[in-house]
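Take a look at the structure below.
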Amino acid sequence: MTFLSAGPAYAVAAPAPAPAATPMPTPAAAVDDTAVTHGSVTIGGRAVAYTARAGTLPLLDAAGSETARVFSVAYLADGADPRTRPVTFVWNGGPGSSSMWLHLGSFGPLRIAVPSNATAPAPRTLLMPNPDSLLDTTDLVFIDAVGTGYSRISAKGTPAMFFGVDQDADAFADFIRTWATQNDRWGSPVFLLGESYGTTRAAIVANLLQASGMAVDGVALLSSVLDFNVLDNGQGPGEDYPYIAFLPTEAAVAWYHHASTAGAANLAQVVAAAREFATGPYADALMRGDQLDRATRHTIVARLHAITGLDEAYIERANLRIDPQRFEFALLQPQAATTGRLDGRYRGPALDRTGDSASYDPTSDDALTDAFTSAFNGYVRSGLRYLSNQPYLGTNYGVVNAHWMYLRSHAIAAPNVLADLRSAMTKNPYLHVFSANGYYDLATPFFGTEYSLAHLGIDPALRAHVSYGFYPSGHMIYINDQARAALRGDLVRFYHDAETR
């Protein structure tokens, strides 16, 4: 799950300086609130017994004073050798989202039974054993960012210490080092798995960990945002990058809803044709701006109409530049409906039929959020036996996102963490990166991710360490059964490749 608000919110990022090693403060005495339970999940016909550990760890400042307590749930396979057993640290994004989405939606031992057909789950949808769990391949540690879940600022902590791009990454790196120390896992293969803004975090954290002596074997990026210039941020005239990045996703969504007239036989053909048009004639036309000749403009309008299903007059009024949020509304406006943003397969009635943009997201408002929140609140108490008088904040966008500092040191542009990822891969030539993308994701477009990763500027010998997966789903790839199973298979291969020297 993501938030990544549209609008002119970002004044941030430039190439990040190489991080200095962060000294580990002396631990302060703290109450251990860890709850330990045991379970088993059957994966591929084999039962995997595990121990679950739910609780908080303190984060400390340089003087050893506590600044926050970070909640996590670790699933550790029983009887595994920690010297060879991978451990994967998992988180969502937002900023302002807990890890409950990945925890109960993707690869934990239990999963909420979300319908695959892009319809909302019923209230109080039950949890079920998850045969697509990754516990047969890796231990899993789901981490809640400070200000979400049960993770809270405490003692001498302040929001400014955590609610920012680099501050947040520092906190996650500190947590991982502390967790590895307390659980004697410094010798284990280490993987990071982040979704949405969590991919931004993962790129920085990988670099920070390696600067402090912890090698990272693999980074899995689900529904990435590595360069915020690719998003729909209201950049203004002359900033055409997002329109190019979103076009193949808009083509896929239009095809799914039978609005496209381009005549493609399947999704693969739709996407291939849209990619070629986006980086060729379309990009060239946008770059010409007001100097574009009338004949070429007419050709571009006709092609955009064919692949997006939007009316030619609408495309003309938009000056060839299709805003993603308006696309969600305009595509199904004749049917008085709107598509999902997080997952364009979803549709819902338009709240304002005379508007020009979607006023809500049928993907997440509100049935999906309600289902996950209620399921996790029940599971953490009755299943994990972790008891707290505080509410579990599945999302806390109103506080965390609203106060987020996107500005990085010496930066004057939108956040861009490609330099961090490039640094991590260059300094550790064994590091592998896997990028998972949903074709119907109108929040973080897959074509923007492809463009970003193709511009890492890494040594040619390392380029094979970047691999991709594409799935018939949206931002939350795993809420489609077919996509989740395919993603699990790709991740298992990724782990194998990353551990094969």
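So you can find residues: chains in the structure tokens are A, B, ... in the order shown, residues in each start at 1, and ligands are numbered from 1 in order.
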7 Å contact set for range 208-221 of chain A, only C-alpha atoms, chain neighbours under 3 positions out, as an NGL selection string: :A and (19-22 or 173 or 189-195 or 199 or 204-205 or 224 or 430-436 or 498)
Atoms to include: C-alpha atoms. Write the selected residues as a CSV table (one decimal), in the first residue's frame.
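Below is the file out-v5.csv, written as the result:
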```
chain,number,residue,atom,x,y,z
A,19,PRO,CA,27.2,7.6,3.7
A,20,ALA,CA,29.6,7.4,6.6
A,21,ALA,CA,29.5,4.4,8.8
A,22,THR,CA,27.1,5.0,11.7
A,173,ALA,CA,19.4,0.7,9.2
A,189,PRO,CA,22.5,-13.7,3.9
A,190,VAL,CA,20.6,-10.4,4.1
A,191,PHE,CA,17.8,-9.3,1.8
A,192,LEU,CA,15.6,-6.2,1.8
A,193,LEU,CA,12.1,-6.2,0.4
A,194,GLY,CA,10.2,-2.9,0.1
A,195,GLU,CA,7.0,-1.8,-1.6
A,199,THR,CA,11.7,0.9,-2.4
A,204,ILE,CA,19.2,4.0,0.8
A,205,VAL,CA,19.2,1.4,3.6
A,224,SER,CA,9.1,1.2,-7.2
A,430,TYR,CA,27.6,-9.5,-5.4
A,431,LEU,CA,24.4,-7.4,-4.7
A,432,HIS,CA,21.4,-8.4,-6.8
A,433,VAL,CA,18.3,-6.3,-7.4
A,434,PHE,CA,14.9,-7.5,-8.5
A,435,SER,CA,12.2,-5.1,-9.7
A,436,ALA,CA,8.5,-6.4,-9.5
A,498,ALA,CA,21.7,-13.9,-5.4
```
Find the residues of range 278-385 of chain A that sit at most 6 Å from range 440-448 of chain A; for each, write down the nearest two atoms and how far apart they are in Å, to one decimal. Count only C-alpha atoms. Sort by chain, then by number going up, and give it as CSV.
```
residue,atom,partner,partner_atom,distance
A:Arg341,CA,A:Leu442,CA,4.9
A:Leu342,CA,A:Asp441,CA,5.5
A:Asp343,CA,A:Asp441,CA,5.2
A:Gly344,CA,A:Tyr440,CA,5.0
```
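Residue nearest Asn117 in chain A, chosen from A:Gly198, A:Gly489, A:Pro131, A:Gly474 and counting only C-alpha atoms: A:Gly474.
Counting only C-alpha atoms, the residue from A:Thr369, A:Tyr256, A:Tyr386, A:Trp186 that sits nearest to Val73 in chain A is A:Tyr386.
For the atom pair formed by CA of Thr137 in chain A and CA of Leu453 in chain A, the distance is 26.2 Å, given to one decimal.
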Write out as a PDB file with C-alpha atoms, in the first residue's frame all residues of range 142-328 of chain A that DSSP puts in strand (DSSP E or B) for this structure's backbone.
```
ATOM      1  CA  PHE A 142       8.179  -7.284   8.987  1.00  0.00           C
ATOM      2  CA  ILE A 143       9.064  -3.797  10.262  1.00  0.00           C
ATOM      3  CA  GLY A 149       1.753   0.191  13.574  1.00  0.00           C
ATOM      4  CA  ARG A 152       6.299   5.111  18.374  1.00  0.00           C
ATOM      5  CA  ILE A 153       8.564   8.074  19.057  1.00  0.00           C
ATOM      6  CA  GLY A 164      12.229  12.452   6.428  1.00  0.00           C
ATOM      7  CA  VAL A 190      20.636 -10.396   4.135  1.00  0.00           C
ATOM      8  CA  PHE A 191      17.810  -9.315   1.826  1.00  0.00           C
ATOM      9  CA  LEU A 192      15.611  -6.212   1.791  1.00  0.00           C
ATOM     10  CA  LEU A 193      12.079  -6.179   0.377  1.00  0.00           C
ATOM     11  CA  GLY A 194      10.203  -2.897   0.098  1.00  0.00           C
ATOM     12  CA  GLU A 195       7.036  -1.762  -1.586  1.00  0.00           C
ATOM     13  CA  SER A 196       6.279   1.679  -3.040  1.00  0.00           C
ATOM     14  CA  GLY A 218      19.627  -8.796  -2.531  1.00  0.00           C
ATOM     15  CA  VAL A 219      17.121  -5.951  -2.734  1.00  0.00           C
ATOM     16  CA  ALA A 220      13.594  -6.698  -3.982  1.00  0.00           C
ATOM     17  CA  LEU A 221      11.709  -3.615  -5.164  1.00  0.00           C
ATOM     18  CA  LEU A 222       7.917  -3.952  -5.444  1.00  0.00           C
ATOM     19  CA  SER A 223       6.096  -1.148  -7.286  1.00  0.00           C
ATOM     20  CA  SER A 224       9.077   1.163  -7.220  1.00  0.00           C
ATOM     21  CA  ASP A 227      13.084   8.889  -8.905  1.00  0.00           C
TER      22      ASP A 227
END
```
- request: Could you give me, as a ChimeraX atom specification, the residues within 10 Å of Gly147 in chain A, counting only C-alpha atoms and dropping anything in the same chain fewer than 3 positions from it?
  value: /A:68-70,95-98,144,150-153,159,162-163,393-397,399-401
task: Extract, using only C-alpha atoms, all DNA, RNA and protein residues at most 9 Å from Ala160 in chain A, discarding same-chain residues fewer than 5 positions from it, and format them as a ChimeraX atom specification.
output: /A:167,403-405
Write the residues of the selection above to a file with N, CA and C atoms, as a PDB file, in the first residue's frame.
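Saved as again16.pdb:
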```
ATOM      1  N   GLN A 167      16.364  10.528   7.357  1.00  0.00           N
ATOM      2  CA  GLN A 167      16.150  10.197   8.759  1.00  0.00           C
ATOM      3  C   GLN A 167      15.480   8.833   8.904  1.00  0.00           C
ATOM      4  N   HIS A 403       3.907  15.530   7.557  1.00  0.00           N
ATOM      5  CA  HIS A 403       5.069  16.203   8.135  1.00  0.00           C
ATOM      6  C   HIS A 403       6.384  15.692   7.533  1.00  0.00           C
ATOM      7  N   TRP A 404       6.295  14.978   6.427  1.00  0.00           N
ATOM      8  CA  TRP A 404       7.484  14.351   5.864  1.00  0.00           C
ATOM      9  C   TRP A 404       8.409  15.381   5.224  1.00  0.00           C
ATOM     10  N   MET A 405       9.710  15.217   5.493  1.00  0.00           N
ATOM     11  CA  MET A 405      10.730  16.077   4.904  1.00  0.00           C
ATOM     12  C   MET A 405      11.345  15.337   3.714  1.00  0.00           C
TER      13      MET A 405
END
```
- request: Write down as an MDAnalysis selection string the residues of range 213-334 of chain A whose backbone DSSP state falls under helix (DSSP H, G or I).
  value: chainID A and resid 228:230 241:256 267:291 294:308 312:317 324:330 333:334
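Closest approach to Ser260 in chain A among A:Leu140, A:Leu231, A:Val466, A:Leu332: A:Leu332, based on only C-alpha atoms.
Residues in contact range of Val36 in chain A, defined as at most 9 Å between only C-alpha atoms, with sequence neighbours fewer than 6 positions away removed, read Thr51, Ala52, Arg53, Ala54, Gly55, Leu384, Arg385 and Tyr386 of chain A.
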